[in-house]
$ cat protein_1.csv   # CSV, C-alpha atoms
chain,number,residue,atom,x,y,z
A,1,MET,CA,267.4,36.3,121.8
A,2,GLN,CA,266.7,38.4,124.8
A,3,GLY,CA,268.6,41.7,124.8
A,4,ALA,CA,269.9,41.1,121.3
A,5,ASP,CA,271.4,43.9,119.1
A,6,LYS,CA,268.4,44.3,116.7
A,7,GLY,CA,270.0,47.1,114.6
A,8,GLN,CA,268.2,50.2,113.4
A,9,SER,CA,264.6,49.7,112.5
A,10,GLY,CA,262.7,51.0,109.5
A,11,SER,CA,259.6,53.1,109.8
A,12,LEU,CA,257.5,52.5,113.0
A,13,ASN,CA,254.7,54.8,112.0
A,14,GLY,CA,251.5,52.8,112.5
A,15,ASP,CA,249.0,55.6,111.9
A,16,ASP,CA,247.3,54.2,108.9
A,17,LEU,CA,247.9,50.5,109.5
A,18,SER,CA,245.4,47.7,110.2
A,19,ILE,CA,246.8,44.9,112.3
A,20,GLY,CA,245.4,41.4,113.0
A,21,ILE,CA,246.5,39.4,116.1
A,22,VAL,CA,246.0,35.7,116.7
A,23,ARG,CA,246.6,34.7,120.4
A,24,ALA,CA,246.8,31.1,121.5
A,25,ARG,CA,245.0,30.6,124.9
A,26,PHE,CA,247.2,27.7,126.0
A,27,ASN,CA,249.5,29.1,128.8
A,28,ASP,CA,246.9,31.9,129.0
A,29,ALA,CA,248.5,34.1,131.6
A,30,LEU,CA,251.7,34.2,129.5
A,31,THR,CA,250.0,34.8,126.2
A,32,THR,CA,247.8,37.5,127.8
A,33,ARG,CA,251.0,39.2,128.9
A,34,LEU,CA,252.4,38.9,125.4
A,35,ALA,CA,249.2,40.5,124.0
A,36,GLU,CA,249.2,43.3,126.6
A,37,ALA,CA,252.7,44.3,125.7
A,38,CYS,CA,252.0,44.0,122.0
A,39,LEU,CA,248.9,46.1,122.1
A,40,ALA,CA,250.6,48.8,124.2
A,41,GLU,CA,253.4,49.0,121.7
A,42,LEU,CA,251.0,49.1,118.7
A,43,ALA,CA,249.3,52.1,120.4
A,44,ALA,CA,252.6,53.8,121.2
A,45,CYS,CA,253.5,53.5,117.5
A,46,GLY,CA,250.2,55.1,116.4
A,47,VAL,CA,248.1,52.2,115.5
A,48,LYS,CA,244.5,53.1,116.3
A,49,ASP,CA,242.5,50.7,118.6
A,50,LYS,CA,239.8,50.5,115.9
A,51,ASN,CA,242.4,49.2,113.4
A,52,VAL,CA,243.4,46.2,115.6
A,53,LEU,CA,241.5,42.9,115.7
A,54,GLN,CA,242.6,40.3,118.2
A,55,VAL,CA,241.2,36.8,118.1
A,56,THR,CA,242.0,33.8,120.3
A,57,VAL,CA,242.4,30.2,119.4
A,58,PRO,CA,243.0,27.1,121.7
A,59,GLY,CA,246.7,26.6,121.1
A,60,ALA,CA,249.7,27.3,118.9
A,61,LEU,CA,248.7,24.6,116.3
A,62,GLU,CA,245.5,26.6,115.6
A,63,VAL,CA,247.2,29.9,115.1
A,64,PRO,CA,248.0,29.4,111.4
A,65,ILE,CA,244.5,28.7,110.3
A,66,ALA,CA,243.2,31.9,112.0
A,67,LEU,CA,246.0,33.8,110.4
A,68,LYS,CA,245.1,32.4,107.0
A,69,ALA,CA,241.5,33.5,107.4
A,70,MET,CA,242.6,37.0,108.3
A,71,ALA,CA,245.1,37.1,105.4
A,72,GLU,CA,242.4,36.0,102.9
A,73,SER,CA,240.2,38.8,104.1
A,74,GLU,CA,242.8,41.3,102.8
A,75,ASP,CA,241.7,43.7,105.6
A,76,TYR,CA,245.1,43.8,107.3
A,77,ASP,CA,248.5,45.3,106.5
A,78,ALA,CA,250.3,42.9,108.9
A,79,LEU,CA,249.4,40.0,111.2
A,80,ILE,CA,250.9,39.0,114.6
A,81,ALA,CA,251.0,35.4,116.0
A,82,LEU,CA,251.2,35.2,119.8
A,83,GLY,CA,251.6,32.0,121.8
A,84,CYS,CA,253.8,30.1,124.2
A,85,ILE,CA,255.0,26.5,123.9
A,86,ILE,CA,256.9,25.2,127.0
A,87,ARG,CA,259.0,22.0,126.7
A,88,GLY,CA,257.5,19.0,128.4
A,89,GLU,CA,258.7,15.5,128.8
A,90,THR,CA,257.6,14.2,125.3
A,91,TYR,CA,258.2,14.9,121.6
A,92,HIS,CA,255.0,17.0,121.6
A,93,PHE,CA,257.0,20.2,122.2
A,94,GLU,CA,259.0,19.7,118.9
A,95,LEU,CA,255.9,18.8,117.0
A,96,VAL,CA,253.9,21.9,118.1
A,97,ALA,CA,256.9,24.3,117.8
A,98,ASN,CA,257.8,23.1,114.3
A,99,GLU,CA,254.4,22.8,112.9
A,100,SER,CA,253.1,26.1,114.2
A,101,GLY,CA,256.2,27.9,113.0
A,102,ALA,CA,256.0,26.3,109.6
A,103,GLY,CA,252.3,27.2,109.3
A,104,VAL,CA,252.9,30.8,110.2
A,105,SER,CA,255.6,31.1,107.6
A,106,ARG,CA,253.5,29.4,104.9
A,107,VAL,CA,250.6,31.8,105.5
A,108,SER,CA,252.9,34.8,105.2
A,109,LEU,CA,254.5,33.6,102.0
A,110,ASP,CA,251.3,32.3,100.4
A,111,HIS,CA,249.4,35.5,101.0
A,112,GLU,CA,252.4,37.9,100.8
A,113,ILE,CA,251.5,39.5,104.2
A,114,PRO,CA,254.0,40.1,106.9
A,115,ILE,CA,253.4,38.1,110.1
A,116,ALA,CA,255.4,38.8,113.2
A,117,ASN,CA,255.8,35.4,114.9
A,118,ALA,CA,255.9,35.8,118.7
A,119,ILE,CA,255.1,32.2,119.5
A,120,LEU,CA,257.6,31.7,122.4
A,121,THR,CA,259.3,28.3,122.4
A,122,VAL,CA,261.0,27.9,125.8
A,123,GLU,CA,262.4,25.3,128.1
A,124,ASN,CA,260.4,26.3,131.2
A,125,GLU,CA,257.9,28.8,132.5
A,126,ALA,CA,260.5,31.1,134.0
A,127,GLN,CA,262.1,31.6,130.6
A,128,ALA,CA,258.7,32.4,129.1
A,129,TRP,CA,258.0,35.1,131.8
A,130,ALA,CA,261.4,36.6,131.3
A,131,ARG,CA,260.7,37.0,127.5
A,132,ALA,CA,257.0,37.7,127.3
A,133,GLU,CA,257.0,41.5,127.6
A,134,GLU,CA,259.9,42.1,125.3
A,135,LYS,CA,258.7,39.6,122.7
A,136,GLY,CA,255.2,41.2,122.7
A,137,ARG,CA,256.7,44.7,122.1
A,138,ASP,CA,259.0,43.3,119.4
A,139,ALA,CA,256.1,41.6,117.6
A,140,ALA,CA,254.3,45.0,117.3
A,141,ARG,CA,257.4,46.7,116.0
A,142,VAL,CA,258.1,44.0,113.5
A,143,ALA,CA,254.6,44.0,112.2
A,144,ILE,CA,254.6,47.8,111.7
A,145,GLU,CA,258.1,47.9,110.2
A,146,MET,CA,257.3,45.1,107.7
A,147,ALA,CA,253.9,46.5,106.8
A,148,ASN,CA,255.5,49.8,105.9
A,149,LEU,CA,258.4,48.1,104.0
A,150,MET,CA,255.9,46.0,102.0
A,151,ASP,CA,254.0,49.1,101.1
A,152,ASP,CA,257.2,50.6,99.8
A,153,LEU,CA,258.1,47.5,97.9
A,154,LEU,CA,254.8,46.7,96.2
$ encode --input "protein_1.csv" --output "C-alpha coordinates"
Amino acid sequence: MQGADKGQSGSLNGDDLSIGIVRARFNDALTTRLAEACLAELAACGVKDKNVLQVTVPGALEVPIALKAMAESEDYDALIALGCIIRGETYHFELVANESGAGVSRVSLDHEIPIANAILTVENEAQAWARAEEKGRDAARVAIEMANLMDDLL
(Lines of atoms letter the chains of each structure in order from A and count residues from 1; the text may use other names and numbers.)
(Lines give C-alpha, C1' and ligand atoms only; values in the text may rest on other atoms or scores of the structure.)
Protein backbone atom coordinates (compact mmCIF):
# COMPACT_ATOMS: atom_id res chain seq x y z
CA MET A 1 0.00 0.00 0.00
CA GLN A 2 1.39 3.33 -1.03
CA GLY A 3 2.34 5.51 1.94
CA ALA A 4 1.54 2.71 4.42
CA ASP A 5 2.79 2.73 8.01
CA LYS A 6 5.62 0.22 7.67
CA GLY A 7 6.77 0.35 11.29
CA GLN A 8 10.34 0.38 12.55
CA SER A 9 12.73 -1.60 10.37
CA GLY A 10 15.45 -3.94 11.49
CA SER A 11 19.07 -3.53 10.46
CA LEU A 12 19.57 -1.86 7.09
CA ASN A 13 23.34 -2.29 7.03
CA GLY A 14 24.17 -3.81 3.67
CA ASP A 15 27.95 -3.52 3.86
CA ASP A 16 28.71 -7.24 3.68
CA LEU A 17 25.70 -8.42 1.73
CA SER A 18 25.45 -9.94 -1.72
CA ILE A 19 22.12 -9.32 -3.49
CA GLY A 20 20.67 -10.84 -6.66
CA ILE A 21 17.99 -9.04 -8.65
CA VAL A 22 15.73 -10.51 -11.33
CA ARG A 23 13.91 -7.89 -13.43
CA ALA A 24 11.16 -8.69 -15.90
CA ARG A 25 11.48 -6.70 -19.16
CA PHE A 26 7.74 -6.66 -19.89
CA ASN A 27 6.62 -3.06 -19.25
CA ASP A 28 10.31 -2.19 -19.59
CA ALA A 29 10.20 1.52 -18.76
CA LEU A 30 8.37 0.78 -15.50
CA THR A 31 10.59 -2.12 -14.47
CA THR A 32 13.66 -0.07 -15.33
CA ARG A 33 12.40 2.64 -12.94
CA LEU A 34 11.82 -0.02 -10.24
CA ALA A 35 15.39 -1.25 -10.76
CA GLU A 36 16.90 2.24 -10.66
CA ALA A 37 15.19 3.04 -7.36
CA CYS A 38 16.14 -0.36 -5.95
CA LEU A 39 19.79 -0.07 -6.94
CA ALA A 40 20.03 3.47 -5.54
CA GLU A 41 18.59 2.33 -2.21
CA LEU A 42 20.90 -0.69 -2.04
CA ALA A 43 23.85 1.66 -2.53
CA ALA A 44 22.49 4.09 0.08
CA CYS A 45 22.36 1.20 2.56
CA GLY A 46 25.97 0.25 1.88
CA VAL A 47 25.62 -2.66 -0.55
CA LYS A 48 28.63 -2.53 -2.85
CA ASP A 49 28.02 -2.47 -6.62
CA LYS A 50 30.32 -5.47 -7.03
CA ASN A 51 28.02 -7.44 -4.69
CA VAL A 52 24.88 -6.90 -6.78
CA LEU A 53 23.99 -8.98 -9.81
CA GLN A 54 20.99 -7.97 -11.89
CA VAL A 55 19.60 -10.20 -14.62
CA THR A 56 16.61 -9.67 -16.86
CA VAL A 57 13.98 -12.12 -18.02
CA PRO A 58 11.15 -11.67 -20.55
CA GLY A 59 8.26 -11.37 -18.09
CA ALA A 60 6.94 -12.00 -14.59
CA LEU A 61 6.32 -15.70 -15.20
CA GLU A 62 10.03 -16.19 -15.90
CA VAL A 63 11.17 -14.44 -12.71
CA PRO A 64 10.89 -17.48 -10.38
CA ILE A 65 13.13 -19.76 -12.43
CA ALA A 66 15.90 -17.16 -12.55
CA LEU A 67 15.49 -16.63 -8.79
CA LYS A 68 15.73 -20.40 -8.31
CA ALA A 69 19.02 -20.53 -10.22
CA MET A 70 20.40 -17.69 -8.12
CA ALA A 71 19.21 -19.33 -4.89
CA GLU A 72 20.80 -22.65 -5.85
CA SER A 73 24.15 -20.92 -6.42
CA GLU A 74 24.22 -19.98 -2.71
CA ASP A 75 26.07 -16.79 -3.73
CA TYR A 76 23.44 -14.38 -2.37
CA ASP A 77 22.21 -13.28 1.04
CA ALA A 78 18.89 -12.13 -0.43
CA LEU A 79 17.13 -11.83 -3.76
CA ILE A 80 14.80 -9.24 -5.28
CA ALA A 81 12.03 -9.82 -7.83
CA LEU A 82 11.09 -6.82 -9.98
CA GLY A 83 8.26 -6.70 -12.49
CA CYS A 84 5.02 -5.04 -13.46
CA ILE A 85 1.74 -6.71 -14.35
CA ILE A 86 -1.00 -4.37 -15.56
CA ARG A 87 -4.57 -5.64 -15.71
CA GLY A 88 -5.88 -6.17 -19.20
CA GLU A 89 -9.21 -7.32 -20.56
CA THR A 90 -8.68 -11.05 -19.99
CA TYR A 91 -8.00 -13.54 -17.20
CA HIS A 92 -4.31 -13.49 -18.15
CA PHE A 93 -3.64 -10.80 -15.50
CA GLU A 94 -4.79 -13.09 -12.68
CA LEU A 95 -2.85 -16.03 -14.05
CA VAL A 96 0.42 -14.10 -14.33
CA ALA A 97 -0.01 -12.33 -10.98
CA ASN A 98 -0.93 -15.48 -9.07
CA GLU A 99 1.60 -17.81 -10.64
CA SER A 100 4.55 -15.41 -10.48
CA GLY A 101 3.78 -14.60 -6.84
CA ALA A 102 3.43 -18.27 -5.92
CA GLY A 103 6.68 -19.07 -7.73
CA VAL A 104 8.60 -16.35 -5.90
CA SER A 105 7.28 -17.55 -2.53
CA ARG A 106 8.07 -21.18 -3.33
CA VAL A 107 11.69 -20.38 -4.23
CA SER A 108 12.11 -18.40 -1.02
CA LEU A 109 10.72 -21.16 1.18
CA ASP A 110 12.37 -24.06 -0.66
CA HIS A 111 15.81 -22.45 -0.54
CA GLU A 112 15.44 -20.58 2.77
CA ILE A 113 16.50 -17.30 1.19
CA PRO A 114 14.70 -13.99 1.61
CA ILE A 115 13.15 -12.65 -1.59
CA ALA A 116 11.71 -9.15 -1.71
CA ASN A 117 8.80 -9.39 -4.14
CA ALA A 118 8.41 -6.09 -5.98
CA ILE A 119 6.35 -7.39 -8.87
CA LEU A 120 3.72 -4.69 -9.13
CA THR A 121 0.16 -5.82 -9.84
CA VAL A 122 -1.89 -2.80 -10.83
CA GLU A 123 -5.07 -1.82 -12.62
CA ASN A 124 -3.44 0.64 -15.02
CA GLU A 125 -0.18 2.25 -16.04
CA ALA A 126 -0.78 5.37 -13.94
CA GLN A 127 -0.95 3.25 -10.79
CA ALA A 128 2.30 1.56 -11.77
CA TRP A 129 4.15 4.84 -12.27
CA ALA A 130 2.79 6.16 -8.97
CA ARG A 131 4.24 3.13 -7.14
CA ALA A 132 7.42 2.23 -9.02
CA GLU A 133 9.95 4.36 -7.17
CA GLU A 134 8.66 3.64 -3.66
CA LYS A 135 8.30 -0.08 -4.35
CA GLY A 136 11.83 -0.26 -5.76
CA ARG A 137 13.24 1.39 -2.64
CA ASP A 138 11.11 -0.84 -0.41
CA ALA A 139 12.39 -3.97 -2.14
CA ALA A 140 15.99 -3.00 -1.41
CA ARG A 141 15.24 -2.32 2.26
CA VAL A 142 13.24 -5.54 2.66
CA ALA A 143 16.05 -7.61 1.12
CA ILE A 144 18.67 -6.07 3.41
CA GLU A 145 16.55 -6.28 6.55
CA MET A 146 15.60 -9.90 5.91
CA ALA A 147 19.16 -10.94 5.00
CA ASN A 148 20.38 -9.51 8.30
CA LEU A 149 17.51 -11.13 10.22
CA MET A 150 18.17 -14.54 8.66
CA ASP A 151 21.85 -14.21 9.53
CA ASP A 152 20.84 -13.62 13.16
CA LEU A 153 18.34 -16.50 13.18
CA LEU A 154 20.40 -19.20 11.50
$ closest_residue --input "protein_1.csv" --among "A:Val104, A:Ile113, A:Val57, A:Ala37" --to "A:Ala71" --atoms "only C-alpha atoms"
A:Ile113
$ residues_around --input "protein_1.csv" --residues "A:Asn51" --least-positions-apart "3" --cutoff "9 Å" --atoms "all atoms listed in the file" --output "mmCIF file with C-alpha atoms, in the coordinates of the input"
data_model
loop_
_atom_site.group_PDB
_atom_site.id
_atom_site.type_symbol
_atom_site.label_atom_id
_atom_site.label_comp_id
_atom_site.auth_asym_id
_atom_site.auth_seq_id
_atom_site.Cartn_x
_atom_site.Cartn_y
_atom_site.Cartn_z
ATOM 1 C CA ASP A 16 247.300 54.200 108.900
ATOM 2 C CA LEU A 17 247.900 50.500 109.500
ATOM 3 C CA SER A 18 245.400 47.700 110.200
ATOM 4 C CA ILE A 19 246.800 44.900 112.300
ATOM 5 C CA GLY A 20 245.400 41.400 113.000
ATOM 6 C CA VAL A 47 248.100 52.200 115.500
ATOM 7 C CA LYS A 48 244.500 53.100 116.300
ATOM 8 C CA TYR A 76 245.100 43.800 107.300
#
$ residues_around --input "protein_1.csv" --residues "A:His111" --least-positions-apart "2" --cutoff "12 Å" --atoms "all atoms listed in the file" --output "count of residues only"
21
$ atom_distance --input "protein_1.csv" --atom1 "atom CA of A:Met146" --atom2 "atom CA of A:Thr56"
22.8 Å
$ closest_residue --input "protein_1.csv" --among "A:Ala97, A:Ala35, A:Leu120, A:Ala102" --to "A:Gly83" --atoms "all atoms listed in the file"
A:Leu120
